[in-house]
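This is my_file-v7.tsv (TSV, C-alpha atoms).
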chain	number	residue	atom	x	y	z
Z	680	MET	CA	-306.05	31.61	50.38
Z	681	GLY	CA	-309.48	31.06	51.88
Z	682	VAL	CA	-312.72	29.12	51.74
Z	683	ASN	CA	-314.89	29.60	48.65
Z	684	THR	CA	-318.65	29.32	48.40
Z	685	THR	CA	-318.53	25.64	47.50
Z	686	GLY	CA	-316.75	24.79	50.72
Z	687	GLY	CA	-313.34	24.15	49.12
Z	688	VAL	CA	-310.08	26.03	49.58
Z	689	SER	CA	-309.24	28.92	47.26
Z	690	PHE	CA	-305.66	29.97	46.53
Z	691	ASP	CA	-306.71	33.42	45.36
Z	692	THR	CA	-305.38	36.42	47.27
Z	693	ASP	CA	-308.30	38.29	48.81
Z	694	GLU	CA	-308.78	42.02	48.25
Z	695	GLU	CA	-307.72	43.03	51.76
Z	696	THR	CA	-304.43	41.16	51.43
Z	697	GLU	CA	-303.80	42.68	48.00
Z	698	LEU	CA	-304.22	46.13	49.53
Z	699	ILE	CA	-301.74	45.26	52.28
Z	700	LEU	CA	-299.15	44.02	49.77
Z	701	ASP	CA	-299.56	47.09	47.59
Z	702	SER	CA	-299.25	49.31	50.65
Z	703	ILE	CA	-296.03	47.55	51.69
Z	704	ASP	CA	-294.59	48.26	48.23
Z	705	GLU	CA	-295.56	51.92	48.54
Z	706	PHE	CA	-294.05	52.11	52.02
Z	707	ILE	CA	-290.76	50.64	50.80
Z	708	GLU	CA	-290.61	53.11	47.92
Z	709	ARG	CA	-291.54	56.09	50.12
Z	710	GLU	CA	-289.68	55.32	53.35
Z	711	VAL	CA	-287.07	52.58	52.91
Z	712	GLU	CA	-285.46	53.34	49.56
Z	713	PRO	CA	-284.50	56.94	50.53
Z	714	ILE	CA	-282.84	55.60	53.70
Z	715	VAL	CA	-280.86	53.05	51.69
Z	716	GLU	CA	-279.87	55.74	49.18
Z	717	ASP	CA	-278.66	58.05	51.96
Z	718	LEU	CA	-276.52	55.26	53.45
Z	719	GLY	CA	-274.68	54.77	50.16
Z	720	ASP	CA	-271.48	52.75	50.58
Z	721	THR	CA	-272.18	52.20	54.26
Z	722	TYR	CA	-274.98	49.91	53.14
Z	723	THR	CA	-273.68	48.42	49.90
Z	724	ASN	CA	-270.09	47.74	51.03
Z	725	PRO	CA	-269.96	45.23	53.91
Z	726	ARG	CA	-266.48	46.47	54.85
Z	727	LYS	CA	-267.90	49.90	55.63
Z	728	GLY	CA	-271.04	48.79	57.45
Z	729	HIS	CA	-269.36	46.92	60.29
Z	730	HIS	CA	-266.78	47.57	62.97
Z	731	GLU	CA	-263.73	45.33	63.30
Z	732	ASN	CA	-265.50	42.97	65.73
Z	733	GLY	CA	-268.47	42.65	63.38
Z	734	ARG	CA	-270.84	45.06	65.12
Z	735	TRP	CA	-273.04	47.14	62.84
Z	736	THR	CA	-272.12	50.81	62.50
Z	737	ASP	CA	-274.28	53.41	64.21
Z	738	GLU	CA	-275.58	54.55	60.81
Z	739	LEU	CA	-276.88	51.07	59.94
Z	740	LEU	CA	-278.40	50.62	63.38
Z	741	GLU	CA	-280.19	53.96	63.21
Z	742	ALA	CA	-281.51	53.12	59.73
Z	743	ARG	CA	-282.84	49.78	60.93
Z	744	GLU	CA	-284.53	51.35	63.94
Z	745	GLU	CA	-286.05	54.14	61.84
Z	746	ILE	CA	-287.56	51.63	59.39
Z	747	ARG	CA	-288.97	49.60	62.28
Z	748	ARG	CA	-290.58	52.62	63.95
Z	749	LYS	CA	-292.04	54.00	60.74
Z	750	SER	CA	-293.41	50.61	59.79
Z	751	ALA	CA	-295.08	50.29	63.19
Z	752	GLU	CA	-296.61	53.75	62.80
Z	753	ALA	CA	-297.94	52.69	59.39
Z	754	GLY	CA	-299.48	49.57	60.92
Z	755	PHE	CA	-297.31	46.93	59.22
Z	756	TYR	CA	-294.60	45.91	61.66
Z	757	ALA	CA	-296.49	43.60	64.05
Z	758	MET	CA	-299.85	43.39	62.28
Z	759	ASN	CA	-300.07	39.65	62.92
Z	760	LEU	CA	-300.42	40.16	66.69
Z	761	PRO	CA	-303.85	40.50	68.32
Z	762	GLU	CA	-305.48	43.92	68.39
Z	763	ASP	CA	-305.34	44.09	72.20
Z	764	ALA	CA	-301.54	43.85	71.91
Z	765	GLY	CA	-301.31	46.63	69.32
Z	766	GLY	CA	-301.48	44.51	66.16
Z	767	ASP	CA	-304.21	44.09	63.57
Z	768	GLY	CA	-304.94	40.43	64.18
Z	769	ILE	CA	-304.43	39.46	60.53
Z	770	SER	CA	-304.65	35.75	59.70
Z	771	PRO	CA	-301.61	33.45	59.37
Z	772	VAL	CA	-302.40	33.23	55.64
Z	773	THR	CA	-302.14	37.01	55.18
Z	774	TRP	CA	-299.01	37.14	57.35
Z	775	TYR	CA	-297.44	34.38	55.23
Z	776	ARG	CA	-298.25	36.26	52.04
Z	777	ALA	CA	-296.88	39.52	53.47
Z	778	LYS	CA	-293.63	37.89	54.63
Z	779	LYS	CA	-293.18	36.20	51.26
Z	780	HIS	CA	-293.97	39.38	49.36
Z	781	LEU	CA	-291.48	41.38	51.41
Z	782	ALA	CA	-288.75	38.84	50.60
Z	783	THR	CA	-289.36	39.29	46.86
Z	784	HIS	CA	-287.70	42.70	47.30
Z	785	GLY	CA	-284.44	40.93	48.20
Z	786	GLY	CA	-282.68	40.53	51.51
Z	787	GLY	CA	-281.85	44.11	52.42
Z	788	LEU	CA	-283.08	46.55	55.05
Z	789	GLU	CA	-286.62	45.98	53.74
Z	790	ARG	CA	-286.73	42.95	56.03
Z	791	TYR	CA	-287.31	45.28	59.01
Z	792	VAL	CA	-290.66	46.38	57.64
Z	793	LEU	CA	-292.17	43.26	59.22
Z	794	ALA	CA	-291.18	41.97	62.64
Z	795	GLY	CA	-288.42	39.37	62.66
Z	796	PRO	CA	-286.31	37.88	65.48
Z	797	GLU	CA	-285.86	41.35	66.96
Z	798	GLY	CA	-289.59	42.00	67.16
Z	799	PRO	CA	-292.55	40.84	69.25
Z	800	LYS	CA	-293.42	37.16	69.01
Z	801	PRO	CA	-296.44	35.37	70.53
Z	802	LEU	CA	-294.32	34.23	73.50
Z	803	LEU	CA	-294.14	37.87	74.59
Z	804	LEU	CA	-297.94	37.97	74.72
Z	805	GLN	CA	-297.60	36.23	78.08
Z	806	ALA	CA	-296.48	39.58	79.47
Z	807	GLU	CA	-298.71	40.76	82.32
Z	808	GLY	CA	-299.18	44.01	84.20
Z	809	ASP	CA	-296.15	46.29	84.02
Z	810	GLN	CA	-294.46	43.83	81.65
Z	811	ARG	CA	-296.88	44.77	78.91
Z	812	GLU	CA	-296.25	48.50	79.28
Z	813	LYS	CA	-292.49	48.19	79.67
Z	814	TYR	CA	-291.66	45.44	77.17
Z	815	LEU	CA	-294.51	44.22	74.97
Z	816	GLU	CA	-296.10	47.50	73.86
Z	817	PRO	CA	-292.89	49.41	72.99
Z	818	THR	CA	-291.64	46.37	71.05
Z	819	VAL	CA	-294.86	46.28	69.05
Z	820	ARG	CA	-294.41	50.01	68.36
Z	821	GLY	CA	-290.87	49.38	67.11
Z	822	GLU	CA	-289.41	51.51	69.89
Z	823	LYS	CA	-287.61	48.59	71.55
Z	824	SER	CA	-286.15	45.38	70.20
Z	825	THR	CA	-285.66	42.00	71.79
Z	826	ALA	CA	-283.83	38.69	71.35
Z	827	PHE	CA	-284.67	35.04	71.97
Z	828	GLY	CA	-282.04	33.59	74.30
Z	829	GLN	CA	-282.23	29.82	74.02
Z	830	THR	CA	-279.31	28.36	71.98
Z	831	GLU	CA	-276.18	27.41	73.90
Z	832	PRO	CA	-272.65	26.31	72.92
Z	833	GLY	CA	-272.36	22.53	72.91
Z	834	VAL	CA	-276.13	22.04	73.02
Z	835	GLY	CA	-277.48	23.37	69.72
Z	836	SER	CA	-280.74	21.69	68.73
Z	837	ASP	CA	-280.94	19.77	72.01
Z	838	SER	CA	-282.36	22.78	73.85
Z	839	PRO	CA	-283.85	20.94	76.88
Z	840	ASN	CA	-280.30	20.02	77.91
Z	841	MET	CA	-279.39	23.68	78.39
Z	842	GLU	CA	-276.84	24.36	81.10
Z	843	THR	CA	-277.93	27.89	81.97
Z	844	THR	CA	-279.58	27.82	85.40
Z	845	ALA	CA	-281.66	30.17	87.52
Z	846	GLU	CA	-281.91	29.73	91.28
Z	847	LYS	CA	-284.42	31.45	93.52
Z	848	ASP	CA	-283.03	33.74	96.22
Z	849	GLY	CA	-285.80	35.49	98.11
Z	850	ASP	CA	-287.76	37.60	95.63
Z	851	GLU	CA	-285.00	37.39	93.00
Z	852	TRP	CA	-283.60	34.82	90.59
Z	853	ILE	CA	-279.85	34.37	90.10
Z	854	ILE	CA	-278.98	33.37	86.55
Z	855	ASN	CA	-275.71	31.79	85.46
Z	856	GLY	CA	-274.83	30.52	82.01
Z	857	ARG	CA	-273.94	31.29	78.46
Z	858	LYS	CA	-275.96	31.62	75.26
Z	859	GLN	CA	-274.58	31.62	71.72
Z	860	TRP	CA	-275.68	32.56	68.19
Z	861	ILE	CA	-278.38	34.84	69.62
Z	862	THR	CA	-279.81	37.03	66.87
Z	863	ASN	CA	-280.02	40.75	67.78
Z	864	ALA	CA	-278.27	40.14	71.11
Z	865	PRO	CA	-275.82	43.03	70.58
Z	866	TYR	CA	-278.61	45.55	70.04
Z	867	ALA	CA	-281.61	44.27	72.01
Z	868	ASP	CA	-283.14	46.32	74.80
Z	869	PHE	CA	-284.02	43.06	76.55
Z	870	VAL	CA	-283.69	39.32	76.02
Z	871	GLN	CA	-286.30	36.63	76.57
Z	872	LEU	CA	-283.87	34.26	78.20
Z	873	PHE	CA	-284.42	30.58	78.94
Z	874	ALA	CA	-282.88	28.90	81.96
Z	875	ARG	CA	-283.38	25.63	83.79
Z	876	THR	CA	-285.08	26.22	87.13
Z	877	THR	CA	-285.84	22.59	88.09
Z	878	PRO	CA	-283.65	19.55	87.26
Z	879	GLN	CA	-284.82	17.22	84.49
Z	880	GLU	CA	-284.90	14.23	86.80
Z	881	GLU	CA	-287.62	15.93	88.85
Z	882	VAL	CA	-289.91	17.24	86.07
Z	883	GLY	CA	-288.96	15.46	82.86
Z	884	ARG	CA	-287.03	16.48	79.79
Z	885	TYR	CA	-289.17	19.43	78.69
Z	886	GLY	CA	-290.29	20.71	82.08
Z	887	GLY	CA	-288.33	22.82	84.52
Z	888	ILE	CA	-287.41	25.60	82.08
Z	889	THR	CA	-288.40	29.21	82.74
Z	890	CYS	CA	-288.24	32.32	80.57
Z	891	PHE	CA	-286.93	35.54	82.11
Z	892	ILE	CA	-286.88	39.09	80.83
Z	893	VAL	CA	-283.26	40.20	81.15
Z	894	GLU	CA	-282.41	43.80	80.35
Z	895	ARG	CA	-279.47	44.89	78.23
Z	896	ASP	CA	-277.35	46.29	81.07
Z	897	GLU	CA	-277.70	43.08	83.07
Z	898	TYR	CA	-275.84	40.68	80.77
Z	899	GLU	CA	-272.50	40.82	79.02
Z	900	ILE	CA	-271.95	40.51	75.29
Z	901	GLY	CA	-269.15	38.06	74.56
Z	902	SER	CA	-267.81	37.38	71.10
Z	903	TYR	CA	-269.74	38.30	67.97
Z	904	ASN	CA	-270.77	35.17	66.08
Z	905	ASN	CA	-270.03	36.51	62.62
Z	906	ALA	CA	-271.62	33.89	60.41
Z	907	VAL	CA	-271.11	34.65	56.72
Z	908	GLY	CA	-274.18	36.54	55.56
Z	909	ALA	CA	-275.16	37.59	59.09
Z	910	GLU	CA	-272.15	39.61	60.18
Z	911	GLY	CA	-272.86	41.62	63.28
Z	912	SER	CA	-276.32	40.14	63.81
Z	913	GLN	CA	-275.55	37.47	66.40
Z	914	ALA	CA	-273.48	37.31	69.53
Z	915	GLU	CA	-272.74	35.40	72.70
Z	916	ILE	CA	-274.56	36.31	75.92
Z	917	ILE	CA	-272.76	35.78	79.23
Z	918	LEU	CA	-274.68	35.68	82.50
Z	919	ASP	CA	-272.54	35.63	85.63
Z	920	GLY	CA	-274.66	35.82	88.76
Z	921	VAL	CA	-277.24	38.04	87.05
Z	922	ARG	CA	-280.06	38.92	89.46
Z	923	VAL	CA	-283.54	39.59	88.11
Z	924	PRO	CA	-286.64	40.29	90.19
Z	925	GLU	CA	-289.44	37.77	90.36
Z	926	ASP	CA	-291.74	40.04	88.38
Z	927	ARG	CA	-289.54	39.47	85.31
Z	928	VAL	CA	-290.58	35.87	84.89
Z	929	LEU	CA	-292.36	35.70	81.52
Z	930	GLY	CA	-295.23	33.24	81.75
Z	931	GLU	CA	-295.21	30.38	84.25
Z	932	VAL	CA	-292.20	29.07	86.15
Z	933	ASP	CA	-290.97	25.72	84.72
Z	934	GLU	CA	-293.36	25.92	81.74
Z	935	ALA	CA	-291.43	28.04	79.21
Z	936	PHE	CA	-290.36	25.24	76.89
Z	937	TYR	CA	-293.93	24.04	76.46
Z	938	ALA	CA	-295.06	27.63	75.79
Z	939	ALA	CA	-292.33	28.10	73.18
Z	940	MET	CA	-293.29	24.86	71.43
Z	941	GLU	CA	-296.81	26.21	70.91
Z	942	PHE	CA	-295.41	28.91	68.63
Z	943	LEU	CA	-292.88	26.74	66.79
Z	944	SER	CA	-294.98	26.56	63.63
Z	945	LEU	CA	-295.15	30.36	63.34
Z	946	GLY	CA	-291.38	30.70	63.21
Z	947	ARG	CA	-291.13	28.02	60.56
Z	948	LEU	CA	-293.99	29.57	58.59
Z	949	GLU	CA	-292.12	32.88	58.55
Z	950	LEU	CA	-288.84	31.31	57.46
Z	951	GLY	CA	-290.63	29.30	54.80
Z	952	ALA	CA	-292.29	32.47	53.50
Z	953	GLU	CA	-288.92	34.23	53.35
Z	954	ALA	CA	-287.33	31.30	51.52
Z	955	VAL	CA	-290.12	31.23	48.92
Z	956	GLY	CA	-289.96	35.01	48.48
Z	957	TYR	CA	-286.18	35.01	48.06
Z	958	SER	CA	-286.48	32.18	45.53
Z	959	GLU	CA	-289.00	34.17	43.52
Z	960	TYR	CA	-286.75	37.22	43.64
Z	961	LEU	CA	-283.74	35.24	42.43
Z	962	LEU	CA	-285.69	33.55	39.64
Z	963	SER	CA	-286.93	36.93	38.43
Z	964	GLU	CA	-283.45	38.49	38.47
Z	965	ALA	CA	-281.78	35.48	36.86
Z	966	GLY	CA	-284.59	35.15	34.29
Z	967	GLU	CA	-284.11	38.73	33.20
Z	968	TYR	CA	-280.37	38.23	32.90
Z	969	VAL	CA	-280.48	35.07	30.76
Z	970	THR	CA	-282.96	36.60	28.31
Z	971	GLU	CA	-280.72	39.64	27.79
Z	972	ARG	CA	-277.29	38.02	27.89
Z	973	GLU	CA	-276.23	36.69	24.50
Z	974	ALA	CA	-273.71	34.05	23.51
Z	975	PHE	CA	-273.19	32.24	20.22
Z	976	GLY	CA	-275.70	34.53	18.54
Z	977	ARG	CA	-278.70	34.10	20.86
Z	978	SER	CA	-279.81	34.66	24.45
Z	979	ILE	CA	-278.32	32.12	26.84
Z	980	GLY	CA	-281.82	31.34	28.11
Z	981	ASN	CA	-282.29	29.39	24.88
Z	982	PHE	CA	-279.70	26.86	25.96
Z	983	GLN	CA	-281.31	23.90	27.67
Z	984	GLN	CA	-278.72	23.63	30.44
Z	985	VAL	CA	-279.55	27.21	31.44
Z	986	SER	CA	-283.31	27.18	31.02
Z	987	ALA	CA	-283.71	23.83	32.79
Z	988	LYS	CA	-282.03	25.16	35.94
Z	989	LEU	CA	-284.46	28.05	36.24
Z	990	ALA	CA	-287.50	26.02	35.17
Z	991	GLU	CA	-286.76	23.42	37.84
Z	992	GLY	CA	-286.34	26.20	40.38
Z	993	ARG	CA	-289.69	27.68	39.38
Z	994	ALA	CA	-291.45	24.32	39.74
Z	995	LYS	CA	-289.99	23.66	43.18
Z	996	THR	CA	-290.70	27.21	44.37
Z	997	TYR	CA	-294.31	26.78	43.23
Z	998	ALA	CA	-294.57	23.60	45.30
Z	999	ALA	CA	-292.94	25.23	48.34
Z	1000	ASP	CA	-295.41	28.12	48.14
Z	1001	ALA	CA	-298.30	25.66	48.09
Z	1002	ALA	CA	-296.89	23.98	51.20
Z	1003	GLY	CA	-296.63	27.38	52.90
Z	1004	LEU	CA	-300.21	28.31	52.10
Z	1005	LYS	CA	-301.48	24.97	53.36
Z	1006	LEU	CA	-299.57	25.36	56.64
Z	1007	ALA	CA	-300.87	28.92	57.08
Z	1008	TRP	CA	-304.43	27.79	56.38
Z	1009	LYS	CA	-304.19	24.94	58.90
Z	1010	MET	CA	-302.82	27.36	61.50
Z	1011	ALA	CA	-305.79	29.64	60.85
Z	1012	GLN	CA	-308.08	26.66	61.53
Z	1013	ASP	CA	-306.19	25.90	64.79
Z	1014	GLU	CA	-305.24	22.48	63.45
Z	1015	ARG	CA	-302.16	20.52	64.48
Z	1016	THR	CA	-299.25	21.67	62.30
Z	1017	ILE	CA	-296.02	20.17	63.67
Z	1018	MET	CA	-295.40	17.94	60.66
Z	1019	ASP	CA	-296.59	20.55	58.14
Z	1020	SER	CA	-294.26	23.20	59.55
Z	1021	SER	CA	-291.28	20.84	59.35
Z	1022	VAL	CA	-292.14	19.96	55.75
Z	1023	LEU	CA	-292.29	23.63	54.79
Z	1024	LYS	CA	-289.16	24.63	56.67
Z	1025	TRP	CA	-287.09	21.78	55.22
Z	1026	PHE	CA	-288.43	21.95	51.66
Z	1027	ALA	CA	-288.59	25.73	51.17
Z	1028	THR	CA	-285.11	26.39	52.54
Z	1029	ASN	CA	-283.57	23.61	50.46
Z	1030	VAL	CA	-285.34	24.92	47.36
Z	1031	LEU	CA	-283.89	28.36	48.06
Z	1032	TRP	CA	-280.43	26.82	48.40
Z	1033	GLU	CA	-280.82	25.17	44.98
Z	1034	VAL	CA	-282.28	28.29	43.35
Z	1035	ALA	CA	-279.56	30.55	44.74
Z	1036	ASP	CA	-276.87	28.21	43.46
Z	1037	ALA	CA	-278.55	28.05	40.03
Z	1038	ALA	CA	-278.82	31.86	39.89
Z	1039	VAL	CA	-275.09	32.19	40.55
Z	1040	GLN	CA	-274.29	29.50	37.98
Z	1041	VAL	CA	-276.29	30.98	35.09
Z	1042	ASN	CA	-274.75	34.39	35.78
Z	1043	GLY	CA	-271.25	32.97	35.53
Z	1044	ALA	CA	-268.52	35.21	36.92
Z	1045	ASN	CA	-271.05	38.04	37.37
Z	1046	GLY	CA	-272.88	35.89	39.91
Z	1047	LEU	CA	-269.78	35.79	42.11
Z	1048	ALA	CA	-269.37	39.57	42.28
Z	1049	GLU	CA	-269.55	41.04	45.75
Z	1050	GLU	CA	-272.08	43.69	44.70
Z	1051	SER	CA	-274.47	41.18	43.08
Z	1052	PRO	CA	-277.58	40.05	44.99
Z	1053	TYR	CA	-276.86	36.39	44.36
Z	1054	MET	CA	-274.04	35.58	46.77
Z	1055	ASP	CA	-275.80	37.42	49.60
Z	1056	LEU	CA	-278.78	35.14	49.18
Z	1057	VAL	CA	-276.58	32.06	48.86
Z	1058	HIS	CA	-275.38	32.92	52.35
Z	1059	GLN	CA	-278.93	33.55	53.56
Z	1060	ALA	CA	-280.04	30.23	52.07
Z	1061	ARG	CA	-277.34	28.39	53.99
Z	1062	ILE	CA	-278.29	30.13	57.23
Z	1063	LEU	CA	-281.99	29.34	56.84
Z	1064	ARG	CA	-281.24	25.62	56.63
Z	1065	ILE	CA	-279.89	25.75	60.20
Z	1066	VAL	CA	-281.90	28.31	62.21
Z	1067	GLU	CA	-285.32	27.41	63.67
Z	1068	GLY	CA	-284.31	23.75	63.51
Z	1069	THR	CA	-281.75	22.18	61.20
Z	1070	ASP	CA	-282.56	20.06	58.14
Z	1071	GLU	CA	-281.89	16.99	60.25
Z	1072	ILE	CA	-284.30	18.07	62.99
Z	1073	GLN	CA	-287.04	18.72	60.43
Z	1074	LEU	CA	-286.59	15.32	58.77
Z	1075	ASN	CA	-286.56	13.61	62.15
Z	1076	THR	CA	-289.84	15.33	63.05
Z	1077	ILE	CA	-291.37	14.21	59.75
Z	1078	ALA	CA	-290.18	10.65	60.33
Z	1079	LYS	CA	-291.75	10.66	63.80
Z	1080	SER	CA	-295.04	11.86	62.36
Z	1081	MET	CA	-294.91	8.89	59.99
Z	1082	GLY	CA	-294.44	6.48	62.90
Z	1083	ILE	CA	-291.02	5.41	61.61
Z	1084	THR	CA	-288.97	6.58	64.58
Z	1085	ASP	CA	-289.59	6.91	68.31
Represent the structure of the file as structure tokens.
Amino acid sequence: MGVNTTGGVSFDTDEETELILDSIDEFIEREVEPIVEDLGDTYTNPRKGHHENGRWTDELLEAREEIRRKSAEAGFYAMNLPEDAGGDGISPVTWYRAKKHLATHGGGLERYVLAGPEGPKPLLLQAEGDQREKYLEPTVRGEKSTAFGQTEPGVGSDSPNMETTAEKDGDEWIINGRKQWITNAPYADFVQLFARTTPQEEVGRYGGITCFIVERDEYEIGSYNNAVGAEGSQAEIILDGVRVPEDRVLGEVDEAFYAAMEFLSLGRLELGAEAVGYSEYLLSEAGEYVTEREAFGRSIGNFQQVSAKLAEGRAKTYAADAAGLKLAWKMAQDERTIMDSSVLKWFATNVLWEVADAAVQVNGANGLAEESPYMDLVHQARILRIVEGTDEIQLNTIAKSMGITD
């Protein structure tokens, strides 16, 4: 998507982006597929890929880390970050297309080809001095992974009311609190952890929150939050009198929530891209099945109740993709995108939910099989409607942008 010579917006994929997408396909075939093949049942059977508490096996962890490192070496992993941070500075439009394209391969280990919650995000670009060398740069290279420690039990979407606190003691901060549903927490080398450093009554609802870099050996992992479809990926973080030096403040004291809000649209762009890509993958798989499967003397795709489900899914996925491209384009123009990102996040994830359900339905009993790709993506679809802001949060944001609510 770009600007054409007449001054309008073109939805064509430019040559550079096409080369990137083709190269990602080649990388997956050359580097990822052999790793998946070597894992065998450890990868395909969820009972063999996790320990009793939900934690990933060492084999799966090593595979994930190997893919991440190799992708970084090939220049894909964090290519959306600025060049001075080790990325390629590609546009939000190209990043959207790459994220979507990757998802069309399904929801497997391919997802680690491009940085996700475990990788470097723009918030980490605030790193200064030794922070860049110790945390930012190795994360961009895929040598370290991180986590975003914001969600708390009993707080959920109301993040400013977090109960985790950090108090200054000389040249250190003492952190106490608990975080929950933190993606990659069990495996991260460090967490970007949010804590209240000044009471709300003194600085307002969104002020008074600071982000700290907390290393893996400084916090305790509590229970694994084994959500269906994300077993072993999320866990509770417990901080009991954790002391971190002052030089591990990421960004400005009391300003972390405002800084995080600046990058909200990127997270929703990425999730929207994944949702559209997964929808396209499911429609392709289900379309192939209904044209080959026969009943009553003809392919089941010829029955209106079957074809209508997939046709409706195709139409809605098309619309979701258009919303994603528009959001990415507006981000590239540095325009305000709060409402656009909520529209994409809500619409694309709900479309995926509908498409995944339709794919299971048209496959009948085969769609319910544990080894089929459909149920895995039903679970992913349900997860995506909650993370990065629930459906309700997105609709509330849209309503505010319309002037309907306060």
Top pick for closest residue to Ala990 of chain Z, considering Z:Pro761, Z:Leu802, Z:Leu1004, Z:Gly966 and counting only C-alpha atoms: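 Of Z:Pro761, Z:Leu802, Z:Leu1004, Z:Gly966, the one nearest Ala990 of chain Z, counting only C-alpha atoms, is Z:Gly966.
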Name all residues at most 9 Å from Asp767 of chain Z (count only C-alpha atoms; drop same-chain ones fewer than 4 positions away) and give them as number ranges by chain. Z: 754-755, 757-763
Return the single residue from Z:Gly1043, Z:Gly956, Z:Gly728, Z:Gly785 that is closest to Ile707 of chain Z, with distances computed using all atoms listed in the file.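 Among the listed residues, Z:Gly785 lies closest to Ile707 of chain Z.
Using only C-alpha atoms, the smallest distance between any of Z:Ser912, Z:Gly930, Z:Leu1074, Z:Glu744 and Gly808 of chain Z comes from Z:Gly930.
In this comparison, which uses only C-alpha atoms, the residue of Z:Val1066, Z:Lys1009, Z:Met1018, Z:Asp1000 approaching Lys1079 of chain Z most closely is Z:Met1018.
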Atom pair atom CA of Arg790 of chain Z / atom CA of Val711 of chain Z: separation (Å):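 Between atom CA of Arg790 of chain Z and atom CA of Val711 of chain Z the gap works out to 10.1 Å.
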